[in-house]
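Next up, target-v1.cif (mmCIF, C-alpha atoms):
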data_target
#
loop_
_atom_site.label_atom_id
_atom_site.label_comp_id
_atom_site.auth_asym_id
_atom_site.auth_seq_id
_atom_site.Cartn_x
_atom_site.Cartn_y
_atom_site.Cartn_z
CA MET A 116 0.00 0.00 0.00
CA GLY A 117 2.72 2.43 0.87
CA GLY A 118 4.63 1.48 -2.26
CA LEU A 119 8.25 2.51 -2.31
CA MET A 120 8.17 4.05 1.16
CA ASP A 121 7.36 0.79 2.88
CA PHE A 122 10.81 -0.78 2.58
CA GLY A 123 11.87 -1.56 6.13
CA PHE A 124 15.59 -1.36 5.39
CA LEU A 125 15.29 2.33 4.59
CA ASP A 126 13.88 3.13 8.04
CA ASP A 127 17.33 3.92 9.42
CA VAL A 128 17.91 6.49 6.72
CA ARG A 129 14.42 7.94 6.97
CA ARG A 130 14.86 8.61 10.67
CA MET A 131 17.91 10.79 10.11
CA ASN A 132 17.85 14.54 10.12
CA LYS A 133 19.58 16.70 7.52
CA ARG A 134 22.93 16.71 9.30
CA GLN A 135 22.93 12.98 9.77
CA LEU A 136 22.04 12.43 6.13
CA TYR A 137 24.84 14.72 5.04
CA TYR A 138 27.25 12.93 7.37
CA GLN A 139 26.17 9.62 5.87
CA VAL A 140 27.08 10.91 2.41
CA LEU A 141 30.35 12.34 3.76
CA ASN A 142 31.15 9.01 5.37
CA PHE A 143 30.81 7.34 2.00
CA GLY A 144 32.91 10.13 0.49
CA MET A 145 35.61 9.59 3.09
CA ILE A 146 35.89 5.87 2.37
CA VAL A 147 36.34 6.63 -1.32
CA SER A 148 38.69 9.53 -0.52
CA SER A 149 40.88 7.47 1.79
CA ALA A 150 41.42 4.86 -0.90
CA LEU A 151 42.05 7.59 -3.46
CA MET A 152 44.50 9.47 -1.24
CA ILE A 153 46.44 6.29 -0.41
CA TRP A 154 46.74 5.63 -4.13
CA LYS A 155 47.82 9.20 -4.92
CA GLY A 156 50.23 9.09 -1.99
CA LEU A 157 51.80 5.93 -3.40
CA MET A 158 52.05 7.67 -6.77
CA VAL A 159 53.98 10.52 -5.20
CA VAL A 160 56.27 8.20 -3.21
CA THR A 161 57.06 5.82 -6.07
CA GLY A 162 57.03 8.37 -8.85
CA SER A 163 54.94 6.06 -10.96
CA GLU A 164 51.52 7.03 -12.28
CA SER A 165 50.27 3.53 -11.47
CA PRO A 166 52.34 2.09 -8.59
CA ILE A 167 50.49 -1.23 -8.46
CA VAL A 168 49.51 -3.20 -11.55
CA VAL A 169 48.11 -6.64 -12.22
CA VAL A 170 49.69 -8.94 -14.79
CA LEU A 171 46.99 -9.62 -17.36
CA SER A 172 48.80 -11.92 -19.79
CA GLY A 173 51.02 -14.96 -19.66
CA SER A 174 53.76 -13.38 -21.76
CA MET A 175 56.19 -13.16 -18.83
CA GLU A 176 55.81 -16.73 -17.60
CA PRO A 177 57.47 -18.26 -15.65
CA ALA A 178 58.50 -15.01 -13.92
CA PHE A 179 54.98 -13.64 -13.59
CA PHE A 180 51.67 -15.40 -14.10
CA ARG A 181 48.24 -14.00 -14.86
CA GLY A 182 46.89 -12.36 -11.71
CA ASP A 183 50.21 -11.51 -10.06
CA LEU A 184 50.32 -8.12 -8.40
CA LEU A 185 53.36 -5.98 -9.25
CA PHE A 186 54.73 -3.13 -7.22
CA LEU A 187 56.37 -0.45 -9.40
CA THR A 188 58.69 2.48 -8.89
CA ASN A 189 59.73 5.05 -11.43
CA TYR A 190 62.62 7.09 -10.09
CA GLN A 191 64.00 9.27 -12.84
CA GLU A 192 67.60 9.07 -11.58
CA GLU A 193 67.79 5.26 -11.79
CA PRO A 194 68.99 4.16 -15.21
CA ILE A 195 67.18 1.52 -17.25
CA ARG A 196 69.36 -1.54 -17.71
CA VAL A 197 69.13 -4.73 -19.73
CA GLY A 198 67.28 -7.36 -17.70
CA ASP A 199 65.02 -4.88 -15.90
CA ILE A 200 61.33 -5.66 -16.04
CA VAL A 201 59.51 -2.52 -17.11
CA VAL A 202 55.85 -1.63 -17.46
CA PHE A 203 55.25 0.61 -20.44
CA LYS A 204 52.45 2.20 -22.37
CA ILE A 205 52.00 2.20 -26.12
CA GLU A 206 50.11 4.96 -27.85
CA GLY A 207 46.69 3.75 -28.86
CA ARG A 208 46.60 0.96 -26.28
CA ASP A 209 44.76 1.36 -22.98
CA ILE A 210 46.45 -1.41 -21.04
CA PRO A 211 50.13 -1.13 -20.10
CA ILE A 212 52.45 -4.05 -20.85
CA VAL A 213 54.93 -5.77 -18.50
CA HIS A 214 58.05 -7.00 -20.37
CA ARG A 215 61.80 -7.34 -19.95
CA VAL A 216 64.38 -4.96 -21.45
CA ILE A 217 66.69 -6.72 -23.88
CA LYS A 218 68.55 -3.88 -25.63
CA VAL A 219 69.47 -0.39 -24.41
CA HIS A 220 71.02 2.56 -26.27
CA GLU A 221 72.11 5.48 -24.13
CA LYS A 222 73.39 8.80 -25.43
CA GLU A 223 75.76 11.23 -23.73
CA ASN A 224 72.90 13.72 -23.25
CA GLY A 225 70.92 11.18 -21.26
CA THR A 226 68.31 10.10 -23.82
CA VAL A 227 67.60 6.41 -23.79
CA LYS A 228 66.12 4.06 -26.36
CA PHE A 229 65.36 0.49 -25.48
CA LEU A 230 63.72 -2.65 -26.79
CA THR A 231 61.63 -5.10 -24.79
CA LYS A 232 60.48 -8.70 -25.07
CA GLY A 233 58.21 -10.97 -23.08
CA ASP A 234 60.08 -13.92 -21.55
CA ASN A 235 57.47 -16.29 -22.86
CA ASN A 236 57.26 -14.71 -26.34
CA SER A 237 59.43 -15.95 -29.19
CA VAL A 238 59.93 -12.50 -30.77
CA ASP A 239 60.64 -9.02 -29.44
CA ASP A 240 57.94 -6.39 -28.97
CA ARG A 241 58.34 -4.36 -32.15
CA GLY A 242 55.12 -5.91 -33.42
CA LEU A 243 53.31 -4.59 -30.36
CA TYR A 244 54.62 -1.03 -30.60
CA ALA A 245 52.78 1.67 -32.48
CA PRO A 246 53.20 1.37 -36.26
CA GLY A 247 56.63 2.59 -37.26
CA GLN A 248 57.91 2.70 -33.66
CA LEU A 249 61.15 0.75 -33.21
CA TRP A 250 62.24 1.77 -29.70
CA LEU A 251 60.72 2.74 -26.40
CA GLU A 252 61.76 5.91 -24.62
CA LYS A 253 61.74 7.05 -21.03
CA LYS A 254 58.41 8.81 -21.41
CA ASP A 255 56.71 5.50 -22.27
CA VAL A 256 57.73 3.90 -18.98
CA VAL A 257 55.09 3.60 -16.24
CA GLY A 258 57.48 1.97 -13.81
CA ARG A 259 59.88 -0.82 -13.04
CA ALA A 260 58.83 -3.96 -11.19
CA GLN A 261 60.31 -4.01 -7.69
CA GLY A 262 58.28 -6.74 -6.08
CA PHE A 263 55.29 -8.96 -6.64
CA VAL A 264 52.56 -10.81 -4.80
CA PRO A 265 51.39 -13.93 -6.61
CA TYR A 266 47.77 -14.43 -7.69
CA VAL A 267 46.24 -11.68 -5.51
CA GLY A 268 45.21 -9.75 -8.61
CA ILE A 269 43.02 -12.55 -9.91
CA VAL A 270 40.01 -10.68 -8.49
CA THR A 271 40.91 -7.72 -10.70
CA ILE A 272 41.11 -10.00 -13.72
CA LEU A 273 37.69 -11.47 -12.93
CA MET A 274 36.28 -7.98 -12.57
CA ASN A 275 37.82 -6.90 -15.87
CA ASP A 276 36.44 -9.97 -17.63
CA TYR A 277 32.96 -9.48 -16.19
CA PRO A 278 32.35 -5.72 -15.88
CA LYS A 279 28.75 -6.28 -14.74
CA PHE A 280 30.07 -8.24 -11.75
CA LYS A 281 32.30 -5.31 -10.88
CA TYR A 282 29.49 -2.75 -11.02
CA LEU A 283 27.21 -5.05 -9.02
CA ILE A 284 29.76 -5.36 -6.21
CA LEU A 285 30.47 -1.62 -6.21
CA ALA A 286 26.76 -0.78 -6.18
CA CYS A 287 26.10 -3.19 -3.28
CA LEU A 288 28.97 -1.84 -1.20
CA GLY A 289 27.99 1.76 -1.91
CA ALA A 290 24.35 1.16 -1.01
CA PHE A 291 25.35 -0.63 2.19
CA VAL A 292 27.52 2.25 3.35
CA LEU A 293 24.88 4.83 2.50
CA ILE A 294 21.97 3.01 4.13
CA HIS A 295 23.70 1.50 7.14
CA ARG A 296 24.11 3.89 10.03
CA GLU A 297 27.37 3.38 11.87
CA MET B 170 2.42 -9.83 15.49
CA ALA B 171 -0.18 -9.77 12.73
CA SER B 172 -2.60 -7.69 14.73
CA LYS B 173 0.16 -5.24 15.51
CA LYS B 174 0.90 -4.82 11.83
CA ASN B 175 -2.73 -4.10 11.09
CA GLY B 176 -2.73 -1.56 13.84
CA SER B 177 0.18 0.36 12.44
CA SER B 178 -1.20 0.36 8.93
CA ALA B 179 -4.54 1.57 10.22
CA LEU B 180 -2.71 4.37 11.94
CA LYS B 181 -0.99 5.26 8.71
CA GLU B 182 -4.17 5.44 6.72
CA SER B 183 -5.94 7.45 9.36
CA THR B 184 -3.27 10.15 9.35
CA ASP B 185 -3.85 10.74 5.70
CA GLY B 186 -0.84 10.84 3.40
CA THR B 187 1.86 9.82 5.89
CA ASN B 188 2.61 6.65 3.97
CA THR B 189 3.98 8.65 1.07
CA LYS B 190 6.00 11.02 3.21
CA TRP B 191 9.71 10.48 3.75
CA SER B 192 9.74 11.19 7.48
CA ILE B 193 8.52 8.43 9.81
CA GLU B 194 8.34 10.16 13.15
CA GLU B 195 5.27 8.27 14.41
CA LYS B 196 6.34 4.81 13.33
CA PRO B 197 7.63 2.69 16.25
CA VAL B 198 11.38 2.22 16.07
CA LYS B 199 12.06 -1.37 15.06
CA ILE B 200 15.63 -2.53 14.61
CA ASP B 201 17.74 -5.63 14.32
CA LYS B 202 18.26 -6.33 18.01
CA TRP B 203 21.59 -8.12 17.44
CA ASP B 204 23.11 -5.04 15.83
CA THR B 205 24.86 -3.08 18.58
CA ALA B 206 25.16 0.12 16.55
CA ALA B 207 21.45 0.06 15.73
CA LEU B 208 20.56 -0.47 19.39
CA LYS B 209 22.72 2.44 20.45
CA ASN B 210 21.34 4.71 17.73
CA ALA B 211 17.76 3.86 18.64
CA LEU B 212 18.34 4.62 22.33
CA ASP B 213 20.30 7.79 21.56
CA ASP B 214 17.50 8.99 19.29
CA GLY B 215 14.99 8.17 21.99
CA ALA B 216 16.84 10.21 24.60
CA LYS B 217 17.12 13.03 22.10
CA LYS B 218 13.41 12.92 21.49
CA VAL B 219 12.68 13.16 25.22
CA MET B 220 14.99 16.14 25.67
CA LEU B 221 13.86 18.05 22.59
CA ASP B 222 10.21 17.13 22.08
CA LYS B 223 9.06 16.43 25.62
CA PHE B 224 11.11 19.00 27.54
CA GLY B 225 11.27 21.49 24.71
CA PHE B 226 15.01 22.13 24.97
CA VAL B 227 16.71 23.62 21.93
CA GLU B 228 19.37 21.57 20.17
CA LYS B 229 22.78 23.14 19.65
CA HIS B 230 24.52 21.83 16.57
CA THR B 231 28.02 23.29 16.95
CA LEU B 232 29.71 20.04 17.97
CA MET B 233 28.37 18.12 14.98
CA ASP B 234 28.84 21.04 12.60
CA ILE B 235 32.56 21.19 13.32
CA ARG B 236 32.89 17.49 12.57
CA LEU B 237 30.94 17.95 9.35
CA LEU B 238 33.19 20.85 8.41
CA ILE B 239 36.38 18.82 8.98
CA CYS B 240 35.01 15.95 6.90
CA THR B 241 33.84 18.27 4.13
CA ILE B 242 37.24 19.93 3.83
CA ALA B 243 38.98 16.55 3.79
CA VAL B 244 36.72 15.21 1.04
CA ALA B 245 37.14 18.48 -0.87
CA PHE B 246 40.93 18.02 -0.82
CA ALA B 247 40.54 14.50 -2.17
CA MET B 248 38.15 15.57 -4.91
CA PHE B 249 40.42 18.45 -5.86
CA ALA B 250 43.38 16.07 -6.13
CA LEU B 251 41.32 13.77 -8.33
CA ILE B 252 40.23 16.55 -10.69
CA TRP B 253 43.65 18.21 -10.82
CA ASP B 254 45.37 14.91 -11.57
CA TYR B 255 42.85 14.27 -14.33
CA LEU B 256 43.42 17.68 -15.92
CA ARG B 257 47.22 17.64 -15.60
CA PRO B 258 48.43 14.01 -15.62
CA PHE B 259 50.83 12.77 -13.04
CA PRO B 260 54.38 14.08 -13.13
CA GLU B 261 53.05 17.62 -13.60
CA SER B 262 50.49 17.37 -10.80
CA ARG B 263 53.00 16.09 -8.23
CA PRO B 264 53.25 19.21 -5.98
CA VAL B 265 49.47 19.54 -5.82
CA LEU B 266 49.10 15.84 -5.05
CA ILE B 267 51.65 16.05 -2.22
CA THR B 268 49.76 19.00 -0.72
CA CYS B 269 46.39 17.28 -1.00
CA VAL B 270 47.57 13.92 0.36
CA LEU B 271 49.30 15.52 3.34
CA SER B 272 46.34 17.80 4.09
CA TYR B 273 43.93 14.90 3.82
CA PHE B 274 45.77 12.67 6.26
CA LEU B 275 46.38 15.61 8.58
CA LEU B 276 42.64 16.32 8.60
CA MET B 277 41.89 12.66 9.28
CA GLY B 278 44.21 12.92 12.29
CA VAL B 279 42.46 16.09 13.42
CA LEU B 280 39.10 14.34 13.00
CA THR B 281 40.24 11.42 15.16
CA LEU B 282 41.51 13.78 17.86
CA TYR B 283 38.30 15.80 17.67
CA THR B 284 36.01 12.80 18.06
CA THR B 285 38.04 11.24 20.88
CA TYR B 286 38.89 14.33 22.94
CA LYS B 287 36.18 16.86 22.09
CA GLU B 288 33.07 14.91 21.16
CA LYS B 289 33.69 11.97 23.48
CA GLY B 290 30.56 10.27 22.29
CA ILE B 291 28.31 13.27 22.96
CA PHE B 292 25.34 12.91 20.65
CA LEU B 293 23.25 15.80 21.87
CA VAL B 294 23.93 19.25 23.26
CA CYS B 295 20.82 21.22 24.04
CA LEU B 296 19.97 24.48 25.69
CA GLN B 297 17.41 24.97 28.42
CA LYS B 298 16.37 28.57 28.04
CA ASP B 299 15.69 30.57 31.16
CA LYS B 300 11.95 31.11 31.41
CA ALA B 301 12.28 34.79 32.13
CA GLY B 302 14.78 35.12 29.31
CA ILE B 303 17.34 36.95 31.44
CA ASP B 304 19.83 34.36 32.63
CA PRO B 305 22.01 32.50 30.18
CA PRO B 306 20.65 29.07 29.27
CA ASN B 307 21.61 25.83 30.99
CA VAL B 308 23.50 23.46 28.75
CA TRP B 309 22.65 19.76 28.77
CA SER B 310 24.95 17.29 27.04
CA LEU B 311 24.17 13.63 26.53
CA SER B 312 26.62 10.89 25.73
CA SER B 313 26.28 7.16 25.73
CA THR B 314 28.26 3.97 25.47
CA LEU B 315 27.26 0.47 24.48
CA ARG B 316 30.10 -1.93 24.02
CA LYS B 317 29.94 -4.46 21.25
CA TYR B 318 29.45 -7.67 23.22
CA ASP B 319 27.85 -6.10 26.25
CA ASP B 320 24.17 -5.45 26.84
CA THR B 321 24.68 -2.58 29.29
CA TYR B 322 23.73 0.77 27.85
CA THR B 323 25.19 3.73 29.71
CA LEU B 324 23.48 7.06 29.27
CA HIS B 325 25.51 9.91 30.63
CA MET B 326 23.97 13.33 31.15
CA THR B 327 25.80 16.51 32.06
CA LEU B 328 24.34 19.84 33.00
CA GLN B 329 26.34 23.00 32.81
CA ASP B 330 24.66 25.67 34.81
CA GLY B 331 24.09 28.85 32.86
CA ILE B 332 24.81 31.19 35.77
CA LYS B 333 27.42 29.57 37.98
CA HIS B 334 29.00 27.50 35.21
CA LYS B 335 29.05 24.53 37.55
CA THR B 336 28.71 21.14 35.96
CA ARG B 337 26.87 18.14 37.35
CA SER B 338 26.62 14.77 35.78
CA GLU B 339 24.83 11.55 36.39
CA GLU B 340 24.40 8.36 34.45
CA ILE B 341 22.17 5.35 34.17
CA LYS B 342 23.39 1.88 33.36
CA LYS B 343 20.78 -0.57 32.22
CA SER B 344 20.54 -3.62 30.04
CA VAL B 345 19.23 -2.83 26.57
CA ALA B 346 16.83 -5.73 27.05
CA SER B 347 14.76 -3.59 29.40
CA PHE B 348 13.94 -1.13 26.61
CA PHE B 349 13.34 -3.43 23.65
CA ASP B 350 10.78 -6.15 23.10
CA GLU B 351 11.54 -9.53 21.53
CA ASN B 352 11.08 -8.26 17.98
CA GLY B 353 13.51 -5.43 18.48
CA THR B 354 10.95 -2.64 18.80
CA LEU B 355 11.94 0.17 21.11
CA CYS B 356 9.45 0.47 23.97
CA PHE B 357 9.49 4.22 24.24
CA ASP B 358 7.02 4.16 27.14
CA LEU B 359 9.57 2.21 29.21
CA TYR B 360 12.54 4.26 28.11
CA GLU B 361 11.11 7.75 28.48
CA PRO B 362 10.63 7.57 32.30
CA GLU B 363 14.27 6.52 32.70
CA VAL B 364 15.49 9.54 30.79
CA ARG B 365 13.09 11.82 32.64
CA MET B 366 14.27 10.40 35.96
CA LEU B 367 17.92 10.98 35.09
CA GLN B 368 17.17 14.54 34.02
CA GLY B 369 15.13 15.07 37.17
CA ARG B 370 17.92 13.79 39.39
CA ILE B 371 20.36 16.33 37.99
CA ALA B 372 17.85 19.16 38.05
CA VAL B 373 17.07 18.50 41.70
CA ASP B 374 20.74 18.24 42.65
CA LYS B 375 21.25 21.60 41.05
CA LYS B 376 18.63 23.27 43.19
CA GLU B 377 20.28 22.07 46.39
#
For the file at hand, write its structure as structure tokens.
Amino acid sequence: MGGLMDFGFLDDVRRMNKRQLYYQVLNFGMIVSSALMIWKGLMVVTGSESPIVVVLSGSMEPAFFRGDLLFLTNYQEEPIRVGDIVVFKIEGRDIPIVHRVIKVHEKENGTVKFLTKGDNNSVDDRGLYAPGQLWLEKKDVVGRAQGFVPYVGIVTILMNDYPKFKYLILACLGAFVLIHRE
Amino acid sequence: MASKKNGSSALKESTDGTNTKWSIEEKPVKIDKWDTAALKNALDDGAKKVMLDKFGFVEKHTLMDIRLLICTIAVAFAMFALIWDYLRPFPESRPVLITCVLSYFLLMGVLTLYTTYKEKGIFLVCLQKDKAGIDPPNVWSLSSTLRKYDDTYTLHMTLQDGIKHKTRSEEIKKSVASFFDENGTLCFDLYEPEVRMLQGRIAVDKKE
């Protein structure tokens, strides 16, 4: 009879006054903000625009498997050397790639050109680069792998594969925080 | 149970239009009785209702407003960082990000200090205006505690005298079971006298 207004689970929210409602929204905002600020803080500390990435392909097996979590740093003063595992971006591709450096050319003035290859791939990455691009440069680098946690990122992969699942979880969590009074 | 439900719906229909309104003042407070936070909120709200609606004291929002302000500024810093980083991608936005991150965590620290040392669980500050309107008002503050695996609800009431600035406080400790029925409905008729008694005890003390 009451239609929409009869849902019992909304009673908590309906009993709140304006300040409490606003605080409820702020509370949700602070949870999001805390996560965001930790991420941005990590960015500042590591110098990398994406300090934690998940390995999405098997091209670096057996070093990294699908779902491994990588921790990256990108300090400008550290030189790139052959054997380093770098994460780089290619123009026109959304997802960064994790591969190993196999050739480096350094000039006196500090400019660097390098070539990468996946450990599990039979050829180097020139086929993956933008058309006509033969080398990567420092500006393409997102970071260098410093450590990894195996398989933790599998949740991320699942969420990427099933975007609806991701939005469902986010919506549920958001609704819970907004409706539930602490 | 069924008859009760009918009763409440009859009440709704009689007070025409309340079932489409957002506010549910008249509806009995029913909560999940195993949820400690919900129990505490229901009792706090009840005490608030007694102080404001029954005694007619005026609520003072300063304490809560300061908390809201701290939170708002903190969230604003975070949102600003997000937008700035979007407009000027990372290496360029670094100084702004450092500022925002530091300010945000500083504000979170301030918020923690504020809630533990200033608010101390006070959920209501209200003013009892002098009837003649000459003396400054008496200030009542209410705080409460209900620990997670404990059924004892402590309601703490403090009165700061408007004239002499003396403070008196008293508290009641009672099991939550004495205020809720089996279904988790707050029995306001049992709770109200307790709050009134506590208030009365302090008011009488004051006179002596």
### Surrounding residues of A:Glu176 excluding itself and chain neighbours under 4 positions, 7 Å, all atoms listed in the file, as JSON, numbers by chain
{"A": [180, 234, 235]}
### Query
So how many Å separate atom CA of B:Phe259 and atom CA of A:Val147, to one decimal?
19.6 Å
### Task
Check which residues satisfy the PyMOL selection byres ((chain A) within 10 of (chain B)) in the file shown, then give them as a VMD selection string.
chain A and resid 116 to 121 123 to 132 134 to 135 137 to 138 141 to 160 162 to 165 295 to 297
Write a file of the selected residues as an mmCIF file, keeping the file's coordinate frame, keeping C-alpha atoms.
data_model
loop_
_atom_site.group_PDB
_atom_site.id
_atom_site.type_symbol
_atom_site.label_atom_id
_atom_site.label_comp_id
_atom_site.auth_asym_id
_atom_site.auth_seq_id
_atom_site.Cartn_x
_atom_site.Cartn_y
_atom_site.Cartn_z
ATOM 1 C CA MET A 116 0.000 0.000 0.000
ATOM 2 C CA GLY A 117 2.720 2.430 0.870
ATOM 3 C CA GLY A 118 4.630 1.480 -2.260
ATOM 4 C CA LEU A 119 8.250 2.510 -2.310
ATOM 5 C CA MET A 120 8.170 4.050 1.160
ATOM 6 C CA ASP A 121 7.360 0.790 2.880
ATOM 7 C CA GLY A 123 11.870 -1.560 6.130
ATOM 8 C CA PHE A 124 15.590 -1.360 5.390
ATOM 9 C CA LEU A 125 15.290 2.330 4.590
ATOM 10 C CA ASP A 126 13.880 3.130 8.040
ATOM 11 C CA ASP A 127 17.330 3.920 9.420
ATOM 12 C CA VAL A 128 17.910 6.490 6.720
ATOM 13 C CA ARG A 129 14.420 7.940 6.970
ATOM 14 C CA ARG A 130 14.860 8.610 10.670
ATOM 15 C CA MET A 131 17.910 10.790 10.110
ATOM 16 C CA ASN A 132 17.850 14.540 10.120
ATOM 17 C CA ARG A 134 22.930 16.710 9.300
ATOM 18 C CA GLN A 135 22.930 12.980 9.770
ATOM 19 C CA TYR A 137 24.840 14.720 5.040
ATOM 20 C CA TYR A 138 27.250 12.930 7.370
ATOM 21 C CA LEU A 141 30.350 12.340 3.760
ATOM 22 C CA ASN A 142 31.150 9.010 5.370
ATOM 23 C CA PHE A 143 30.810 7.340 2.000
ATOM 24 C CA GLY A 144 32.910 10.130 0.490
ATOM 25 C CA MET A 145 35.610 9.590 3.090
ATOM 26 C CA ILE A 146 35.890 5.870 2.370
ATOM 27 C CA VAL A 147 36.340 6.630 -1.320
ATOM 28 C CA SER A 148 38.690 9.530 -0.520
ATOM 29 C CA SER A 149 40.880 7.470 1.790
ATOM 30 C CA ALA A 150 41.420 4.860 -0.900
ATOM 31 C CA LEU A 151 42.050 7.590 -3.460
ATOM 32 C CA MET A 152 44.500 9.470 -1.240
ATOM 33 C CA ILE A 153 46.440 6.290 -0.410
ATOM 34 C CA TRP A 154 46.740 5.630 -4.130
ATOM 35 C CA LYS A 155 47.820 9.200 -4.920
ATOM 36 C CA GLY A 156 50.230 9.090 -1.990
ATOM 37 C CA LEU A 157 51.800 5.930 -3.400
ATOM 38 C CA MET A 158 52.050 7.670 -6.770
ATOM 39 C CA VAL A 159 53.980 10.520 -5.200
ATOM 40 C CA VAL A 160 56.270 8.200 -3.210
ATOM 41 C CA GLY A 162 57.030 8.370 -8.850
ATOM 42 C CA SER A 163 54.940 6.060 -10.960
ATOM 43 C CA GLU A 164 51.520 7.030 -12.280
ATOM 44 C CA SER A 165 50.270 3.530 -11.470
ATOM 45 C CA HIS A 295 23.700 1.500 7.140
ATOM 46 C CA ARG A 296 24.110 3.890 10.030
ATOM 47 C CA GLU A 297 27.370 3.380 11.870
#
Up to 12 Å from (70.0, 4.2, -23.9) in the file's coordinates: name the residues, counting all atoms listed in the file, as a compact mmCIF listing (two decimals) with C-alpha atoms, in the coordinates of the input.
# COMPACT_ATOMS: atom_id res chain seq x y z
CA PRO A 194 68.99 4.16 -15.21
CA ILE A 195 67.18 1.52 -17.25
CA ARG A 196 69.36 -1.54 -17.71
CA VAL A 197 69.13 -4.73 -19.73
CA VAL A 216 64.38 -4.96 -21.45
CA ILE A 217 66.69 -6.72 -23.88
CA LYS A 218 68.55 -3.88 -25.63
CA VAL A 219 69.47 -0.39 -24.41
CA HIS A 220 71.02 2.56 -26.27
CA GLU A 221 72.11 5.48 -24.13
CA LYS A 222 73.39 8.80 -25.43
CA GLU A 223 75.76 11.23 -23.73
CA ASN A 224 72.90 13.72 -23.25
CA GLY A 225 70.92 11.18 -21.26
CA THR A 226 68.31 10.10 -23.82
CA VAL A 227 67.60 6.41 -23.79
CA LYS A 228 66.12 4.06 -26.36
CA PHE A 229 65.36 0.49 -25.48
CA LEU A 230 63.72 -2.65 -26.79
CA TRP A 250 62.24 1.77 -29.70
CA LEU A 251 60.72 2.74 -26.40
CA GLU A 252 61.76 5.91 -24.62
CA LYS A 253 61.74 7.05 -21.03
### Query
Taking only C-alpha atoms into account, which of B:Glu228, B:Leu359, B:Trp253, B:Gly331 comes nearest B:Thr268?
B:Trp253
### Query
Which protein, DNA or RNA residues are at most 12 Å from (25.4, 24.2, 37.5) in the file's coordinates when you count all atoms listed in the file, listed as a PyMOL selection string?
chain B and resi 305-309+327-338+371-377
Restricting the output to C-alpha atoms, write the selected residues as an mmCIF file, in the frame of the given file.
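out39.cif, written as the output of this step:
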data_model
loop_
_atom_site.group_PDB
_atom_site.id
_atom_site.type_symbol
_atom_site.label_atom_id
_atom_site.label_comp_id
_atom_site.auth_asym_id
_atom_site.auth_seq_id
_atom_site.Cartn_x
_atom_site.Cartn_y
_atom_site.Cartn_z
ATOM 1 C CA PRO B 305 22.010 32.500 30.180
ATOM 2 C CA PRO B 306 20.650 29.070 29.270
ATOM 3 C CA ASN B 307 21.610 25.830 30.990
ATOM 4 C CA VAL B 308 23.500 23.460 28.750
ATOM 5 C CA TRP B 309 22.650 19.760 28.770
ATOM 6 C CA THR B 327 25.800 16.510 32.060
ATOM 7 C CA LEU B 328 24.340 19.840 33.000
ATOM 8 C CA GLN B 329 26.340 23.000 32.810
ATOM 9 C CA ASP B 330 24.660 25.670 34.810
ATOM 10 C CA GLY B 331 24.090 28.850 32.860
ATOM 11 C CA ILE B 332 24.810 31.190 35.770
ATOM 12 C CA LYS B 333 27.420 29.570 37.980
ATOM 13 C CA HIS B 334 29.000 27.500 35.210
ATOM 14 C CA LYS B 335 29.050 24.530 37.550
ATOM 15 C CA THR B 336 28.710 21.140 35.960
ATOM 16 C CA ARG B 337 26.870 18.140 37.350
ATOM 17 C CA SER B 338 26.620 14.770 35.780
ATOM 18 C CA ILE B 371 20.360 16.330 37.990
ATOM 19 C CA ALA B 372 17.850 19.160 38.050
ATOM 20 C CA VAL B 373 17.070 18.500 41.700
ATOM 21 C CA ASP B 374 20.740 18.240 42.650
ATOM 22 C CA LYS B 375 21.250 21.600 41.050
ATOM 23 C CA LYS B 376 18.630 23.270 43.190
ATOM 24 C CA GLU B 377 20.280 22.070 46.390
#
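Coordinates place atom CA of A:Gly182 at a distance of 21.3 Å from atom CA of A:Asp240.
For the choices A:Ile284, A:Val213, A:Ala290, A:Ile272, the atom-to-atom distance to A:Val256 is smallest for A:Val213 when using only C-alpha atoms.
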### Summary
The distance between atom CA of A:Pro177 and atom CA of A:Ile212 is 15.9 Å
